[in-house]
Every structure is written in structure tokens, then in C-alpha cells.
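So the structure is just underneath, and the comments pick up after that.
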Amino acid sequence: MNWQEEDLKYIWHPCSQMKDYETLPPIVIEKGEGINLYDTEGNCYKDVISSWWCNLLGHCNPRISSAVKRQLDTLEHVIFANFSHKTAITLCQKLMEIIPEGLCKFNFADNGSASVEMALKMSFQYHLQTGHPKKVRFMALSDAYHGETLGALAVGGVDLYSEMYKPLMMDVIRIEGLDCYRCPYGKCRDNCLCECFENAEKAFEKYAEETAAVIVEPLLQGSAGMRIYPPLYLKKLRHLCDKYNVHLIADEIATGFGRTGKMFAFNHAGVSPDIMCISKGLTGGYMPMAITVTTQKIYDAFYDDYLKGKAFMHSHTYSGNPLACSAGIEVMNILKDEHIIEKAQEKAVYFNNIIKDKFLPLKNVGEVRSIGLINAIELVKDKNTKTPLDSKLRTGYQIYKKALQKGVILRPLGDVIYFNPPLIIEKNDMDFVTDIALECTKEILG
Ligand SMILES: *Cc1c(COP(=O)(O)O)cnc(C)c1O
């Protein structure tokens with residue numbers, strides 16, 4: 001059977017121009033192990049993008065696999081309204097040990113976008129039920145990414161995904177800033193005072209009265225091109241939100257569970273959000289699951305006699321799916337007893353050093369930036385002026401195609417090459433994937 005031909009007969013792949021598959025058909029993966037994926041022809045690919053950032057502890061991790069198998073023969077799914085199960089309760093107990101202080105109520109969804117929708121609705125309804133019916137809008141950062149459903153897309157600010165759908169979406173207040181590589185104040189992210197925060201202050205002064213919440217990807221704007229900004233920004237935002245009675249929603253979907261070197265990105269700032277969305281790493285990349293976590297205070301605003309109509313009438317069929325919860329529990333166990341995040345921090349230093357050594361000398365590398373094991377290489381036309389490459393050349397995509405032939409999955413964001421590997425990556429693989437990436441970059445850029 002020609003699996004690639006069969007695939008294209010039926011499948012409309014996500015986030016793809018299907019015509020591109022004429023020259024580069026989908027790679028049909030047969031099995032996975034650790035950071036390796038193997039296709040039906042037996043070729044091996046290093047998955048240094050963690051299969052869209054969700055694989056945390058390697059493919060077919062034996063501990064997670066057996067946890068899910070055990071659950072599979074016990075209970076596969078049950079309605080989560082009026083019913084519960086030990087697996088979900090246990091997962092919440094485990095999460096309580098690690099989530100930022102003050103967060104304590106867990107509402108389950110089955111994907112990240114849905115958990116963002118939930119956070120937005122929750123915030124709006126909280127304000128409605130606590131005497132602030134004018135708070136009907138949301139603030140978000142420029143170039144933010146929060147998912148693909150209409151509400152999540154509206155708070156997102158990456159035009160590539162949202163521009164066309166503007167007529168369908170709510171009007172969001174956009175806070176400019178956070179491209180630290182091209183800082184308009186001429187500062188550097190390691191020692192600035194977040195001068196750009198004045199944009200947030202201005203937005204709050206003008207719009208806080210009509211604003212329910214501000215949503216952020218803490219420290220790392222992933223889809224924007226792995227942009228990294230300082231923790232001070234979150235601290236300041238916490239302060240501003242308190243002053244104006246606006247909720248701070250942390251979209252930790254990409255940053256959670258050790259990706260930034262700490263359990264959550266908010267841990268770097270030493271403050272807590274009012275609502276936090278978690279998903280990708282939560283099940284180690286095994287099962288679709290997300291949770292919107294919030295505070296007792298927000299929860300209490302919905303708690304009353306049924307006829308008062310204050311309940312949060314939001315549901316997803318697969319809420320709290322036991323198989324996903326069993327994966328989640330085992331992920332938390334592994335993170336803890338195999339000291340994964342501590343070890344990843346050590347590896348992160350090595351990884352960042354070899355990437356800087358290899359890439360910074362290239363004339364088209366504008367910046368190498370990193371947080372945790374995530375490293376991004378921004379390619380530019382001119383280092384001094386930081387002029388981007390002509391996007392029509394699709395340089396990143398050319399590099400992607402080359403690297404695939406050599407067994408590495410890079411999948412750049414525009415012309416930003418990045419690594420976001422499973423936390424269990426070893427040094428020899430770091431050497432290998434960076435060598436290949438360098439080779440391909442040189443071949444494409446000359
Ligand atoms: C992936 C992602 C989402 C959306 O999650 P899905 O499960 O793809 O719907 C939202 N926010 C951030 C920061 C993400 O990285």
C-alpha cells in the first residue's frame with residue numbers, strides 16, 4: 001500500500017497548504033521511541049519540536065504507556081457532570097503540589113483552545129455576577145497565540161492565523177510590545193525595566209473599566225516566533241490587574257511543565273495568575289486534555305442556589321477523561337521522582353552554548369535566544385539593521401525540507417528556527433540535531 005497516496009485521498013491536514021504536499025507528501029509515522037520517530041520506510045526523525053510542543057518525556061514512554069494501559073482496563077470514560085472518578089481526583093491532588101499559589105479549582109476541557117474559551121467566559125461571568133456587568137472585553141498582547149476557536153483566535157494576534165476571520169471575531173484591546181529582539185526603546189531583555197509596559201498602563205487607563213481580563217503567554221510568545229520577554233513584565237501586570245480589578249489569565253499551554261526551566265513560566269515571576277490554562281505537556285503528549293485552573297475567589301462567585309442561575313454552564317463531552325488523567329498522573333510522578341526539570345536545566349546550559357557557538361557566527365543569524373530547553377535562532381537579511389529575510393523566499397520552509405531529509409524535524413516559525421525538544425533529550429542528540437540544522441542553514445543561505 002502507498003500510504004502517502006492513501007493519506008492524501010482522505011486527510012486534510014492541519015495548518016497546511018495541501019498543494020505543498022505535491023512536492024513533499026506527508027511522512028507516515030509507524031512508531032516512536034524517546035525523541036525518535038520512525039516512518040513506514042524505516043527512516044528515523046529526531047522530534048526536536050516535541051510533536052507540536054506536547055511531548056514532554058519521549059514517545060512511548062514505558063511508564064506513561066503502562067499507566068494508560070492499566071486505566072484502559074478499568075474505566076475508559078464516564079460523564080463528568082454528577083459523576084467523578086479517582087483518576088481525576090488524584091491528578092488534581094498532584095497538580096495542587098506544583099501549581100502557583102492560590103490556584104485550586106480545576107475545570108477540565110479536551111484541548112488548549114477550549115480551555116482558553118473557558119477562561120474568557122469564566123472571567124466575564126465572574127464580573128457579571130459580582131456587580132461589574134460593563135466588563136465585557138479582553139486585552140491581549142500583540143502577536144499573541146491562544147488557539148484556533150473563534151474566541152481564542154480573537155485574543156490571538158498572529159495575522160497569519162486570524163486576519164481573514166476578523167469579521168467573525170470580538171473586538172480585543174491589543175497591548176503593543178514584547179519583541180525584545182527589536183526593542184523600540186533600544187533596551188536588552190536581560191536588564192531592561194520593561195519600558196514597553198507603558199503600553200499596558202495606557203490600555204488599562206483607557207479600557208480597564210470595560211475589561212474583564214488580560215490574557216498572556218507568560219515569558220514566551222511561541223507562535224510569534226519563540227519571542228522571550230522578562231518576568232518583570234508579569235510582575236507589573238499582576239500589580240496593574242489588582243489595581244483595576246481585571247483578571248490575569250495565564251496561557252501556560254506551551255510553557256507549563258518545565259519547558260521554561262521551572263514548572264510554570266509564572267514561577268519565574270513569583271506571582272500567580274487568577275486563571276491558568278494548561279494542556280500540551282499535561283499528559284506528556286499522550287492524550288488530548290486541558291484544564292482551566294482558578295482561585296477560590298472566582299469559584300465562589302458561581303456558587304449559589306441553583307435557581308439564582310449563577311452556575312458555569314460550560315461543558316465538554318470528554319471533560320476529565322480517565323485515560324488522559326492517568327497519563328497526567330504518571331507525567332507528574334515522572335517529573336518528580338526522576339528529577340526531570342532539574343536535569344533539564346543542566347542540559348539547557350549545554351544546549352544553549354553549542355547553539356550559540358554554532359549559529360552566532362553566521363551572517364544571517366540575528367539572535368539566538370533561549371529559555372529552558374527552548375532555543376530559537378532568528379534568521380535575518382541583515383544583522384545590523386535586523387531586517388527580516390524576504391518572507392516570500394520561505395527560507396525557513398526550505399531549511400525544514402532539507403533537515404527532514406537528514407532526519408531532523410525542525411519546522412521553523414517563518415524564518416525562526418527553533419528547538420523545543422522533549423525534556424529527556426540527551427547530549428549526543430543535541431550535538432546531532434544542531435549539526436544538521438547548521439548544515440541545512442548554510443546550504444540554504446550560502
Ligand atoms: C497550542 C496552544 C494553544 C492551543 O491549544 P490547542 O490544544 O492546539 O487548541 C493555546 N495557547 C498556546 C500558548 C498554545 O501553545
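Chain labels follow the order of the C-alpha cells: the first chain is A, the next B, and so on; residue numbering restarts at 1 in every chain, and ligands are counted from 1 in their shown order.
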
Query raised in the report: Please, which residues of stretch 318-366 of chain A, numbered as in this document, come out alpha helix (DSSP H) from DSSP, as a PyMOL selection string?
Result: chain A and resi 322-337+340-359

Query raised in the report: Do you know which residues are at most 12 Å from A:Arg70 counting only C-alpha atoms, after dropping those on the same chain fewer than 5 positions away, and could you put them as a VMD selection string?
Result: chain A and resid 63 to 65 75 to 76 87 322 to 323 326 to 327 330

At a cut-off of 6 Å, can you tabulate as a Markdown table every residue of chain A near ligand 1 together with its closest atom pair and the distance in Å to one decimal, using only C-alpha atoms and all ligand atoms and ordering rows by chain then number?
```
| residue | atom | partner | partner_atom_place_in_ligand_line | distance |
| --- | --- | --- | --- | --- |
| A:Asn111 | CA | ligand 1 | 7 (O) | 3.9 |
| A:Gly112 | CA | ligand 1 | 5 (O) | 3.2 |
| A:Ser113 | CA | ligand 1 | 9 (O) | 3.7 |
| A:Tyr145 | CA | ligand 1 | 11 (N) | 5.6 |
| A:His146 | CA | ligand 1 | 11 (N) | 3.6 |
| A:Gly147 | CA | ligand 1 | 4 (C) | 3.8 |
| A:Glu217 | CA | ligand 1 | 13 (C) | 5.6 |
| A:Asp251 | CA | ligand 1 | 13 (C) | 5.6 |
| A:Ile253 | CA | ligand 1 | 12 (C) | 4.8 |
| A:Ala254 | CA | ligand 1 | 15 (O) | 4.1 |
```

Report task. Between A:Ile175, A:Met226, A:Ala269, A:Leu232, single out the one closest to A:Lys202, counting only C-alpha atoms. Result ->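 Nearest to A:Lys202: A:Ile175.
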
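Residue-level DSSP output for stretch 181-264 of chain A, from the backbone, shows strand (DSSP E) at A:Thr211, A:Ala212, A:Ala213, A:Val214, A:Ile215, A:Val216, A:Leu220, A:Gln221, A:Arg227, A:Ile228, A:His247, A:Leu248, A:Ile249, A:Ala250, A:Asp251.
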
Query raised in the report: Hey, what's within 8 Å of stretch 30-45 of chain A if we count only C-alpha atoms and toss same-chain stuff fewer than 6 positions away? As a list in words, please?
Result: Leu57, Gly58, His59, Cys60, Asn61, Leu404, Gly407, Val408, Ile409, Pro421, Pro422, Ile424 and Ile425 of chain A

Query raised in the report: Nearest to A:Thr317: which of A:Val68, A:Ile79, A:Met1, A:Ile371 is it, counting only C-alpha atoms?
Result: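 Looking at the shortest contact to A:Thr317, the residue is A:Ile79.
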
Query raised in the report: Nearest to A:Glu22 among A:Gln4, A:Lys94, A:Thr294, A:Gly270, with distances taken over only C-alpha atoms: which residue is it?
Result: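 Closest to A:Glu22 of all the choices is A:Gln4.
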